[in-house]
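Q: Handing over data_12.cif, mmCIF, C-alpha atoms, pLDDT in the B column; chains and numbers go by the auth columns.
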```cif
data_query
#
loop_
_atom_site.group_PDB
_atom_site.id
_atom_site.type_symbol
_atom_site.label_atom_id
_atom_site.label_comp_id
_atom_site.label_asym_id
_atom_site.label_seq_id
_atom_site.Cartn_x
_atom_site.Cartn_y
_atom_site.Cartn_z
_atom_site.B_iso_or_equiv
_atom_site.auth_seq_id
_atom_site.auth_asym_id
ATOM 1 C CA MET A 1 54.101 241.504 71.512 82.00 1 A
ATOM 2 C CA ALA A 2 53.554 241.967 67.780 88.00 2 A
ATOM 3 C CA ASN A 3 53.586 238.933 65.509 90.00 3 A
ATOM 4 C CA GLU A 4 56.202 239.999 62.980 91.00 4 A
ATOM 5 C CA ARG A 5 56.155 236.635 61.245 93.00 5 A
ATOM 6 C CA LEU A 6 52.481 237.018 60.489 94.00 6 A
ATOM 7 C CA ARG A 7 53.002 240.619 59.366 93.00 7 A
ATOM 8 C CA GLY A 8 55.829 239.559 57.064 94.00 8 A
ATOM 9 C CA ALA A 9 53.873 236.643 55.603 94.00 9 A
ATOM 10 C CA ILE A 10 50.975 238.951 54.742 94.00 10 A
ATOM 11 C CA ALA A 11 53.370 241.398 53.101 94.00 11 A
ATOM 12 C CA ASP A 12 55.077 238.608 51.151 94.00 12 A
ATOM 13 C CA ARG A 13 51.705 237.697 49.643 92.00 13 A
ATOM 14 C CA SER A 14 51.161 241.395 48.750 94.00 14 A
ATOM 15 C CA MET A 15 47.940 241.396 50.733 94.00 15 A
ATOM 16 C CA THR A 16 46.348 243.923 53.066 94.00 16 A
ATOM 17 C CA LEU A 17 44.836 243.190 56.451 94.00 17 A
ATOM 18 C CA GLU A 18 41.438 243.878 54.921 94.00 18 A
ATOM 19 C CA GLN A 19 41.988 241.297 52.193 94.00 19 A
ATOM 20 C CA VAL A 20 43.080 238.674 54.702 94.00 20 A
ATOM 21 C CA ALA A 21 40.071 239.462 56.872 93.00 21 A
ATOM 22 C CA GLU A 22 37.679 239.185 53.931 93.00 22 A
ATOM 23 C CA HIS A 23 39.103 235.823 52.934 92.00 23 A
ATOM 24 C CA LEU A 24 38.798 234.487 56.488 91.00 24 A
ATOM 25 C CA GLY A 25 35.387 235.938 57.179 89.00 25 A
ATOM 26 C CA VAL A 26 36.517 238.074 60.142 87.00 26 A
ATOM 27 C CA SER A 27 36.894 241.807 60.695 89.00 27 A
ATOM 28 C CA ALA A 28 40.021 243.716 59.722 91.00 28 A
ATOM 29 C CA LYS A 29 40.333 244.777 63.384 90.00 29 A
ATOM 30 C CA THR A 30 40.561 241.112 64.367 90.00 30 A
ATOM 31 C CA VAL A 31 43.418 240.468 61.949 92.00 31 A
ATOM 32 C CA GLU A 32 45.094 243.668 63.119 93.00 32 A
ATOM 33 C CA ARG A 33 44.999 242.401 66.706 89.00 33 A
ATOM 34 C CA TRP A 34 46.599 239.125 65.612 92.00 34 A
ATOM 35 C CA VAL A 35 49.448 241.145 64.114 93.00 35 A
ATOM 36 C CA THR A 36 49.926 244.007 66.549 92.00 36 A
ATOM 37 C CA THR A 37 49.236 242.301 69.885 88.00 37 A
ATOM 38 C CA GLY A 38 50.290 238.744 69.059 85.00 38 A
ATOM 39 C CA ARG A 39 46.853 237.428 69.944 86.00 39 A
ATOM 40 C CA ILE A 40 46.496 233.783 68.858 86.00 40 A
ATOM 41 C CA PRO A 41 43.431 233.113 66.652 86.00 41 A
ATOM 42 C CA TYR A 42 41.073 230.206 67.038 80.00 42 A
ATOM 43 C CA GLN A 43 42.403 226.991 65.483 80.00 43 A
ATOM 44 C CA ARG A 44 40.077 227.179 62.462 82.00 44 A
ATOM 45 C CA HIS A 45 41.377 230.668 61.703 88.00 45 A
ATOM 46 C CA ARG A 46 44.993 229.568 62.141 86.00 46 A
ATOM 47 C CA LEU A 47 44.442 226.756 59.652 85.00 47 A
ATOM 48 C CA ALA A 48 42.822 229.055 57.099 89.00 48 A
ATOM 49 C CA THR A 49 45.443 231.783 57.560 92.00 49 A
ATOM 50 C CA ALA A 50 48.350 229.373 57.175 90.00 50 A
ATOM 51 C CA ALA A 51 46.817 227.982 53.985 88.00 51 A
ATOM 52 C CA LEU A 52 46.167 231.472 52.612 93.00 52 A
ATOM 53 C CA LEU A 53 49.674 232.714 53.358 93.00 53 A
ATOM 54 C CA ARG A 54 51.373 229.426 52.425 89.00 54 A
ATOM 55 C CA ARG A 55 53.190 229.124 55.723 90.00 55 A
ATOM 56 C CA GLU A 56 53.322 226.459 58.401 88.00 56 A
ATOM 57 C CA ILE A 57 51.123 227.086 61.427 86.00 57 A
ATOM 58 C CA SER A 58 54.058 226.540 63.777 84.00 58 A
ATOM 59 C CA TYR A 59 56.022 229.223 61.887 89.00 59 A
ATOM 60 C CA LEU A 60 53.300 231.862 62.145 90.00 60 A
ATOM 61 C CA TRP A 61 52.489 231.071 65.803 86.00 61 A
ATOM 62 C CA PRO A 62 55.512 229.450 67.482 84.00 62 A
ATOM 63 C CA SER A 63 53.876 229.405 70.918 81.00 63 A
ATOM 64 C CA GLU A 64 53.966 226.399 73.238 63.00 64 A
ATOM 65 C CA ARG A 65 50.199 225.929 72.990 67.00 65 A
ATOM 66 C CA VAL A 66 50.155 225.991 69.195 71.00 66 A
ATOM 67 C CA ALA A 67 53.261 223.783 69.009 70.00 67 A
ATOM 68 C CA THR A 68 51.508 221.215 71.218 73.00 68 A
ATOM 69 C CA GLU A 69 48.408 221.249 69.019 73.00 69 A
ATOM 70 C CA VAL A 70 50.509 220.863 65.869 68.00 70 A
ATOM 71 C CA ALA A 71 52.439 217.976 67.418 72.00 71 A
ATOM 72 C CA GLU A 72 49.222 216.219 68.395 77.00 72 A
ATOM 73 C CA SER A 73 47.776 216.711 64.914 74.00 73 A
ATOM 74 C CA SER A 74 50.981 215.453 63.310 76.00 74 A
ATOM 75 C CA ASN A 75 50.908 212.340 65.497 80.00 75 A
ATOM 76 C CA ALA A 76 47.366 211.735 64.302 85.00 76 A
ATOM 77 C CA GLU A 77 48.640 211.725 60.710 89.00 77 A
ATOM 78 C CA VAL A 78 50.430 208.422 61.321 90.00 78 A
ATOM 79 C CA VAL A 79 48.076 205.667 60.217 92.00 79 A
ATOM 80 C CA ARG A 80 50.481 202.782 60.777 93.00 80 A
ATOM 81 C CA VAL A 81 54.183 201.992 60.954 94.00 81 A
ATOM 82 C CA TYR A 82 55.560 198.745 59.528 95.00 82 A
ATOM 83 C CA PRO A 83 58.932 197.353 60.737 94.00 83 A
ATOM 84 C CA TYR A 84 60.031 196.799 57.134 91.00 84 A
ATOM 85 C CA ARG A 85 58.529 197.276 53.689 91.00 85 A
ATOM 86 C CA ALA A 86 58.406 193.562 52.990 87.00 86 A
ATOM 87 C CA ALA A 87 55.889 193.253 55.861 91.00 87 A
ATOM 88 C CA VAL A 88 53.395 195.496 54.061 91.00 88 A
ATOM 89 C CA PRO A 89 50.566 193.618 52.294 91.00 89 A
ATOM 90 C CA GLN A 90 51.263 193.739 48.559 88.00 90 A
ATOM 91 C CA SER A 91 47.665 194.798 47.993 92.00 91 A
ATOM 92 C CA LEU A 92 48.221 198.058 49.889 93.00 92 A
ATOM 93 C CA TRP A 93 49.884 199.853 46.955 92.00 93 A
ATOM 94 C CA PRO A 94 47.111 199.346 44.376 94.00 94 A
ATOM 95 C CA GLN A 95 44.503 199.968 47.085 94.00 95 A
ATOM 96 C CA LEU A 96 46.177 203.238 48.027 94.00 96 A
ATOM 97 C CA TYR A 97 46.470 204.496 44.460 96.00 97 A
ATOM 98 C CA ALA A 98 42.927 203.426 43.618 96.00 98 A
ATOM 99 C CA LYS A 99 41.803 206.237 45.959 94.00 99 A
ATOM 100 C CA ALA A 100 43.659 208.946 44.015 96.00 100 A
ATOM 101 C CA THR A 101 41.489 211.652 42.489 97.00 101 A
ATOM 102 C CA ALA A 102 44.015 214.488 42.001 96.00 102 A
ATOM 103 C CA GLN A 103 47.589 213.327 42.686 96.00 103 A
ATOM 104 C CA PHE A 104 49.367 210.056 41.866 98.00 104 A
ATOM 105 C CA ASP A 105 53.125 210.173 42.512 98.00 105 A
ATOM 106 C CA VAL A 106 55.919 207.625 42.739 98.00 106 A
ATOM 107 C CA LEU A 107 59.269 208.995 43.938 98.00 107 A
ATOM 108 C CA VAL A 108 62.019 206.356 44.097 97.00 108 A
ATOM 109 C CA TYR A 109 65.455 205.459 42.803 96.00 109 A
ATOM 110 C CA SER A 110 64.266 202.316 41.019 94.00 110 A
ATOM 111 C CA GLY A 111 61.181 200.881 42.770 93.00 111 A
ATOM 112 C CA PHE A 112 61.758 197.840 40.570 94.00 112 A
ATOM 113 C CA TRP A 113 59.528 195.529 42.593 92.00 113 A
ATOM 114 C CA LEU A 114 56.519 197.746 41.830 94.00 114 A
ATOM 115 C CA THR A 115 57.011 197.364 38.079 95.00 115 A
ATOM 116 C CA GLU A 116 56.083 193.676 38.396 94.00 116 A
ATOM 117 C CA ASP A 117 52.843 194.304 40.287 94.00 117 A
ATOM 118 C CA VAL A 118 50.085 193.654 37.744 95.00 118 A
ATOM 119 C CA ALA A 119 47.392 195.168 39.979 95.00 119 A
ATOM 120 C CA PHE A 120 49.405 198.364 40.409 96.00 120 A
ATOM 121 C CA LEU A 121 50.034 198.720 36.662 96.00 121 A
ATOM 122 C CA ARG A 122 46.328 198.294 36.017 96.00 122 A
ATOM 123 C CA VAL A 123 45.486 201.047 38.502 97.00 123 A
ATOM 124 C CA VAL A 124 47.984 203.376 36.799 97.00 124 A
ATOM 125 C CA LYS A 125 46.136 203.023 33.489 97.00 125 A
ATOM 126 C CA GLU A 126 42.712 203.350 35.121 97.00 126 A
ATOM 127 C CA LYS A 127 43.615 206.515 36.993 97.00 127 A
ATOM 128 C CA ALA A 128 45.259 208.108 33.973 97.00 128 A
ATOM 129 C CA ALA A 129 42.103 207.349 31.981 97.00 129 A
ATOM 130 C CA ASP A 130 40.097 209.090 34.713 96.00 130 A
ATOM 131 C CA GLY A 131 42.182 212.246 34.271 97.00 131 A
ATOM 132 C CA VAL A 132 44.407 211.846 37.331 97.00 132 A
ATOM 133 C CA PRO A 133 47.968 213.043 36.535 97.00 133 A
ATOM 134 C CA VAL A 134 50.415 210.190 37.165 98.00 134 A
ATOM 135 C CA ARG A 135 54.016 211.186 37.871 98.00 135 A
ATOM 136 C CA PHE A 136 56.934 208.761 38.097 98.00 136 A
ATOM 137 C CA MET A 137 60.255 210.074 39.412 98.00 137 A
ATOM 138 C CA LEU A 138 63.146 207.607 39.141 98.00 138 A
ATOM 139 C CA GLY A 139 66.840 208.161 39.677 97.00 139 A
ATOM 140 C CA GLU A 140 69.254 209.099 36.903 96.00 140 A
ATOM 141 C CA PRO A 141 71.114 205.782 36.365 95.00 141 A
ATOM 142 C CA GLU A 142 74.477 207.550 35.953 94.00 142 A
ATOM 143 C CA SER A 143 73.926 209.948 38.862 94.00 143 A
ATOM 144 C CA PRO A 144 76.598 209.875 41.594 94.00 144 A
ATOM 145 C CA HIS A 145 73.777 209.784 44.138 94.00 145 A
ATOM 146 C CA VAL A 146 72.428 206.596 42.573 93.00 146 A
ATOM 147 C CA ALA A 147 75.922 205.111 42.593 92.00 147 A
ATOM 148 C CA GLN A 148 76.338 206.034 46.250 93.00 148 A
ATOM 149 C CA ARG A 149 72.999 204.468 47.152 91.00 149 A
ATOM 150 C CA GLY A 150 74.092 201.288 45.378 91.00 150 A
ATOM 151 C CA GLU A 151 77.265 201.252 47.469 91.00 151 A
ATOM 152 C CA ASP A 152 75.266 201.950 50.649 88.00 152 A
ATOM 153 C CA GLU A 153 72.982 198.989 49.956 87.00 153 A
ATOM 154 C CA GLY A 154 75.925 196.769 49.033 86.00 154 A
ATOM 155 C CA ILE A 155 74.808 196.217 45.418 86.00 155 A
ATOM 156 C CA GLY A 156 77.186 198.645 43.710 82.00 156 A
ATOM 157 C CA ALA A 157 76.471 199.393 40.047 86.00 157 A
ATOM 158 C CA SER A 158 73.384 197.178 40.150 89.00 158 A
ATOM 159 C CA MET A 159 71.325 200.163 41.336 91.00 159 A
ATOM 160 C CA GLY A 160 71.695 201.900 37.980 93.00 160 A
ATOM 161 C CA ALA A 161 70.874 198.650 36.202 94.00 161 A
ATOM 162 C CA LYS A 162 67.726 198.239 38.325 94.00 162 A
ATOM 163 C CA ILE A 163 66.536 201.692 37.246 96.00 163 A
ATOM 164 C CA ARG A 164 67.042 200.843 33.576 96.00 164 A
ATOM 165 C CA ASN A 165 65.208 197.551 34.036 96.00 165 A
ATOM 166 C CA ALA A 166 62.355 199.320 35.808 96.00 166 A
ATOM 167 C CA LEU A 167 61.994 201.766 32.909 96.00 167 A
ATOM 168 C CA VAL A 168 61.896 198.871 30.448 96.00 168 A
ATOM 169 C CA ASN A 169 59.098 197.282 32.471 96.00 169 A
ATOM 170 C CA TYR A 170 57.255 200.595 32.442 96.00 170 A
ATOM 171 C CA GLN A 171 57.609 200.929 28.668 95.00 171 A
ATOM 172 C CA PRO A 172 53.863 200.365 27.943 95.00 172 A
ATOM 173 C CA LEU A 173 53.023 203.251 30.292 97.00 173 A
ATOM 174 C CA PHE A 174 55.055 205.731 28.245 96.00 174 A
ATOM 175 C CA ARG A 175 52.292 205.547 25.643 92.00 175 A
ATOM 176 C CA VAL A 176 49.498 206.237 28.147 96.00 176 A
ATOM 177 C CA PRO A 177 48.197 209.844 28.078 96.00 177 A
ATOM 178 C CA GLY A 178 48.487 211.515 31.473 96.00 178 A
ATOM 179 C CA VAL A 179 51.467 209.415 32.628 98.00 179 A
ATOM 180 C CA GLU A 180 54.787 211.284 32.896 97.00 180 A
ATOM 181 C CA PHE A 181 58.265 210.053 33.695 98.00 181 A
ATOM 182 C CA ARG A 182 61.192 212.117 34.964 98.00 182 A
ATOM 183 C CA LEU A 183 64.679 211.226 36.168 98.00 183 A
ATOM 184 C CA HIS A 184 66.130 212.972 39.218 97.00 184 A
ATOM 185 C CA SER A 185 69.664 213.406 40.509 95.00 185 A
ATOM 186 C CA THR A 186 68.902 214.044 44.165 94.00 186 A
ATOM 187 C CA THR A 187 70.106 212.460 47.369 93.00 187 A
ATOM 188 C CA LEU A 188 66.892 210.591 48.079 93.00 188 A
ATOM 189 C CA TYR A 189 66.365 210.013 51.781 93.00 189 A
ATOM 190 C CA ASN A 190 62.971 208.350 51.374 95.00 190 A
ATOM 191 C CA SER A 191 61.008 206.588 48.678 96.00 191 A
ATOM 192 C CA ILE A 192 57.590 208.243 48.642 97.00 192 A
ATOM 193 C CA TYR A 193 54.345 206.850 47.263 97.00 193 A
ATOM 194 C CA ARG A 194 51.520 209.387 47.122 97.00 194 A
ATOM 195 C CA ALA A 195 47.802 209.209 46.425 97.00 195 A
ATOM 196 C CA ASP A 196 46.343 212.681 47.075 96.00 196 A
ATOM 197 C CA ASP A 197 46.951 213.382 50.792 92.00 197 A
ATOM 198 C CA GLU A 198 47.844 209.806 51.703 95.00 198 A
ATOM 199 C CA LEU A 199 51.472 208.659 51.663 96.00 199 A
ATOM 200 C CA LEU A 200 53.609 205.600 52.107 97.00 200 A
ATOM 201 C CA ILE A 201 57.111 206.614 53.236 96.00 201 A
ATOM 202 C CA ASN A 202 59.983 204.131 52.949 96.00 202 A
ATOM 203 C CA PRO A 203 63.113 205.612 54.630 93.00 203 A
ATOM 204 C CA HIS A 204 66.545 204.784 53.230 91.00 204 A
ATOM 205 C CA ILE A 205 68.923 203.354 55.820 90.00 205 A
ATOM 206 C CA TYR A 206 72.652 202.951 55.359 91.00 206 A
ATOM 207 C CA GLY A 207 73.601 199.333 54.705 89.00 207 A
ATOM 208 C CA VAL A 208 69.981 198.211 54.401 88.00 208 A
ATOM 209 C CA GLY A 209 67.964 197.604 51.243 88.00 209 A
ATOM 210 C CA ALA A 210 64.649 199.458 50.977 88.00 210 A
ATOM 211 C CA ALA A 211 62.650 196.235 51.378 89.00 211 A
ATOM 212 C CA LYS A 212 64.187 195.742 54.820 92.00 212 A
ATOM 213 C CA ALA A 213 63.715 199.365 55.937 93.00 213 A
ATOM 214 C CA PRO A 214 60.649 200.598 57.862 95.00 214 A
ATOM 215 C CA LEU A 215 57.597 202.062 56.176 96.00 215 A
ATOM 216 C CA MET A 216 55.191 204.731 57.447 95.00 216 A
ATOM 217 C CA HIS A 217 51.616 205.111 56.269 96.00 217 A
ATOM 218 C CA LEU A 218 50.574 208.766 56.625 95.00 218 A
ATOM 219 C CA GLN A 219 47.287 210.578 56.084 93.00 219 A
ATOM 220 C CA ARG A 220 47.266 214.377 55.984 87.00 220 A
ATOM 221 C CA ILE A 221 44.871 216.084 58.387 81.00 221 A
ATOM 222 C CA PRO A 222 44.225 219.804 59.058 73.00 222 A
ATOM 223 C CA GLY A 223 46.724 221.227 61.531 71.00 223 A
ATOM 224 C CA GLY A 224 49.334 218.542 60.999 74.00 224 A
ATOM 225 C CA GLU A 225 52.670 219.344 59.389 74.00 225 A
ATOM 226 C CA LEU A 226 54.284 215.918 59.082 82.00 226 A
ATOM 227 C CA THR A 227 52.723 214.961 55.746 87.00 227 A
ATOM 228 C CA ASP A 228 53.215 218.455 54.313 83.00 228 A
ATOM 229 C CA ALA A 229 56.982 218.132 54.660 84.00 229 A
ATOM 230 C CA TYR A 230 56.991 215.093 52.396 90.00 230 A
ATOM 231 C CA LEU A 231 54.519 216.609 49.935 88.00 231 A
ATOM 232 C CA GLU A 232 56.777 219.650 49.514 85.00 232 A
ATOM 233 C CA SER A 233 59.752 217.348 48.977 90.00 233 A
ATOM 234 C CA ILE A 234 57.979 215.618 46.087 93.00 234 A
ATOM 235 C CA GLU A 235 57.360 218.932 44.345 91.00 235 A
ATOM 236 C CA ARG A 236 60.974 220.044 44.722 90.00 236 A
ATOM 237 C CA VAL A 237 62.243 216.833 43.147 95.00 237 A
ATOM 238 C CA TRP A 238 59.689 217.000 40.317 95.00 238 A
ATOM 239 C CA GLU A 239 60.634 220.576 39.419 92.00 239 A
ATOM 240 C CA LYS A 240 64.326 219.717 39.049 93.00 240 A
ATOM 241 C CA ALA A 241 63.912 216.295 37.437 97.00 241 A
ATOM 242 C CA ARG A 242 64.516 215.657 33.718 97.00 242 A
ATOM 243 C CA PRO A 243 61.501 214.641 31.591 97.00 243 A
ATOM 244 C CA ILE A 244 61.916 211.522 29.434 97.00 244 A
ATOM 245 C CA SER A 245 59.665 210.134 26.714 95.00 245 A
ATOM 246 C CA SER A 246 60.981 206.564 26.516 94.00 246 A
ATOM 247 C CA PRO A 247 63.153 204.111 28.487 93.00 247 A
ATOM 248 C CA THR A 248 66.039 204.763 26.099 91.00 248 A
ATOM 249 C CA ASP A 249 66.261 208.421 27.154 88.00 249 A
ATOM 250 C CA CYS A 250 68.336 207.484 30.171 81.00 250 A
#
```
Please go through the file and, once you have read it, give me the structure as C-alpha cells.
A:
Amino acid sequence: MANERLRGAIADRSMTLEQVAEHLGVSAKTVERWVTTGRIPYQRHRLATAALLRREISYLWPSERVATEVAESSNAEVVRVYPYRAAVPQSLWPQLYAKATAQFDVLVYSGFWLTEDVAFLRVVKEKAADGVPVRFMLGEPESPHVAQRGEDEGIGASMGAKIRNALVNYQPLFRVPGVEFRLHSTTLYNSIYRADDELLINPHIYGVGAAKAPLMHLQRIPGGELTDAYLESIERVWEKARPISSPTDC
C-alpha cells in the first residue's frame, strides 16, 4: 500500500524523490519504494526523513511497529518526575540553563520565584554574554487568561500583580544585550523552562498553585516525540507574544 502521507510531505516541501534520496544518502529507487509500496525504512532513515520533511515520525509511518519504537523513545526522554515543583532542588534551574548553548527560554505566567534566584540571574547574564539568545515569555497582566489562572489558583487579581512584580525584578536584564521579553495572552497549560533540548515542565492544575503541581524533567532524544511537542508550543507562543522593552510596557 502506498504511503500517501510520505508522498504528500515530500510534495509540501517542493522536493523530488531524487532530492530526498540525495539528502539521505540512498538511491532514488529506495525512496520510491518507501512511497509506492509503503515499505518502512530503517530507523536512521526514518529519523533523517522526518527531520528533512519537518513531520513527526509517527505521522509519516503510523504502523504498530513504528508507533511502539516512538513510544519507547518518548519514554526514554523522561529524565525524572517530581511530585511537586517545590520538591525540585533549587540548584536545578541554574544548572540546567548553564548547559544552554543555543536556546534559553522561560515560558510562564509570572514565574516570580525565579526572579529572586541570584544564581539563575547570574546565569542569564553569562549566557547572554556568550551569545545565547535568552527569551522570557510572561503573561499579559490584563489578559483574561491570566485572570482566569488567578481564579483557578485561588489568588484572584494577585496573578497580574505577580507578573508586574516579576518584571520589576527583571528590570536589570532589560538592559542586557541578547535578552528579550515578550508578554503572551495564551491559555498556558504548562510553565516550560528550556535549555537547548532539555526541558523542565510544570503542569498547571486547577485549584493548585504551580509550586504544588508536578514537574517533569525531559531530555530530547532521536526518535522521541514527547519533547518536540513542548518545543513547538514554545515557538507558537513566542510568535504571537508582544515584545516589551521595559517593565512599564505592560
Q: Hey, what's within 8 Å of stretch 29-43 of chain A if we count all atoms listed in the file and toss same-chain stuff fewer than 3 positions away? As a PyMOL selection string, please?
A: chain A and resi 1-4+6-7+17+20-21+26+46-47+61
Q: Please write out, as AutoDock Vina command-line options, where the centre of an axis-aligned box around all listed atoms of stretch 176-182 of chain A lies and how long its edges are, in Å to one decimal, after adding 5 Å on each side.
A:
```
--center_x 54.7 --center_y 209.2 --center_z 31.5 --size_x 23.0 --size_y 15.9 --size_z 16.9
```
Q: Smallest atom-to-atom distance to A:Ala98: which of A:Lys212, A:Pro222, A:Ala128, A:Thr68, using all atoms listed in the file?
A: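 Using all atoms listed in the file, A:Ala98 sits closest to A:Ala128.
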Q: Hey, which of A:Tyr109, A:Phe104, A:Tyr206, A:Tyr82 ends up closest to A:His145? Count all atoms listed in the file.
A: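 Answer, going by the shortest atom-to-atom distance: A:Tyr109.
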Q: Enumerate, as a PyMOL selection string, the residues matched when the PyMOL selection byres ((chain A and resi 214) around 7) is run on the file above.
A: chain A and resi 82-85+202-203+212-213+215-216
Q: Just checking: using all atoms listed in the file, which residue out of A:Met159, A:Leu200, A:Val176, A:Ile205 ends up closest to A:Gln219?
A: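 Smallest distance to A:Gln219 is found for A:Leu200.
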Q: Determine the residue set returned by the PyMOL selection byres ((chain A and resi 77) around 10) for the present structure, and present it as a ChimeraX atom specification.
A: /A:71-76,78-80,198-199,217-227
Q: Nearest to A:Glu126 among A:Arg194, A:Ala157, A:Ala67, A:Gly178, with distances taken over all atoms listed in the file: which residue is it?
A: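 The answer is A:Gly178, which sits nearest to A:Glu126.
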Q: For A:Lys240, please output as a PyMOL selection string all residues within 9 Å (counting only C-alpha atoms; exclusion window: fewer than 3 positions along the same chain).
A: chain A and resi 183-186+235-237
Q: I need the residues from that last selection saved to file as a PDB file, keeping the file's coordinate frame (with C-alpha atoms), if you can.
A:
```
ATOM      1  CA  LEU A 183      64.679 211.226  36.168  1.00 98.00           C
ATOM      2  CA  HIS A 184      66.130 212.972  39.218  1.00 97.00           C
ATOM      3  CA  SER A 185      69.664 213.406  40.509  1.00 95.00           C
ATOM      4  CA  THR A 186      68.902 214.044  44.165  1.00 94.00           C
ATOM      5  CA  GLU A 235      57.360 218.932  44.345  1.00 91.00           C
ATOM      6  CA  ARG A 236      60.974 220.044  44.722  1.00 90.00           C
ATOM      7  CA  VAL A 237      62.243 216.833  43.147  1.00 95.00           C
TER       8      VAL A 237
END
```
Q: Any chance you could work out the residue set of the PyMOL selection byres ((chain A and resi 97) around 12) here, as a PyMOL selection string?
A: chain A and resi 91-96+98-106+119-128+132-134+193-200
Q: Which neighbours of A:Thr49 fall inside 9 Å, counting all atoms listed in the file, when residues of the same chain fewer than 5 positions from it are skipped, and could you give them as a compact mmCIF listing (two decimals) with C-alpha atoms, in the coordinates of the input?
A:
```txt
# COMPACT_ATOMS: atom_id res chain seq x y z
CA VAL A 20 43.08 238.67 54.70
CA HIS A 23 39.10 235.82 52.93
CA LEU A 24 38.80 234.49 56.49
CA ARG A 44 40.08 227.18 62.46
CA ARG A 54 51.37 229.43 52.42
CA ARG A 55 53.19 229.12 55.72
CA ILE A 57 51.12 227.09 61.43
```
Q: Using only C-alpha atoms, find the one residue out of A:Arg135, A:His204, A:Arg164, A:Arg149 that sits nearest to A:Pro177.
A: A:Arg135
Q: In Å, how far is it from atom CA of A:Ile201 to atom CA of A:Asp152?
A: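 Taking atom CA of A:Ile201 and atom CA of A:Asp152, their separation equals 18.9 Å.
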Q: Considering all atoms listed in the file, can you say which of A:Tyr230, A:Tyr59, A:Tyr189, A:Phe181 comes closest to A:Ala210?
A: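 Going through A:Tyr230, A:Tyr59, A:Tyr189, A:Phe181 one by one, the smallest distance to A:Ala210 is for A:Tyr189.
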Q: Using Å and a single decimal, report how far atom CA of A:Ala161 sits from atom CA of A:Pro141.
A: 7.1 Å
Q: Could you jot down the atom CA of A:Leu173 to atom CA of A:Pro243 separation for me, Å, one decimal place?
A: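 According to the coordinates, atom CA of A:Leu173 and atom CA of A:Pro243 are separated by 14.3 Å.
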Q: Give me the residues within 6 Å of A:Glu153 as a list in words, counting only C-alpha atoms and dropping any in the same chain fewer than 6 places off.
A: Gly207, Val208 and Gly209 of chain A
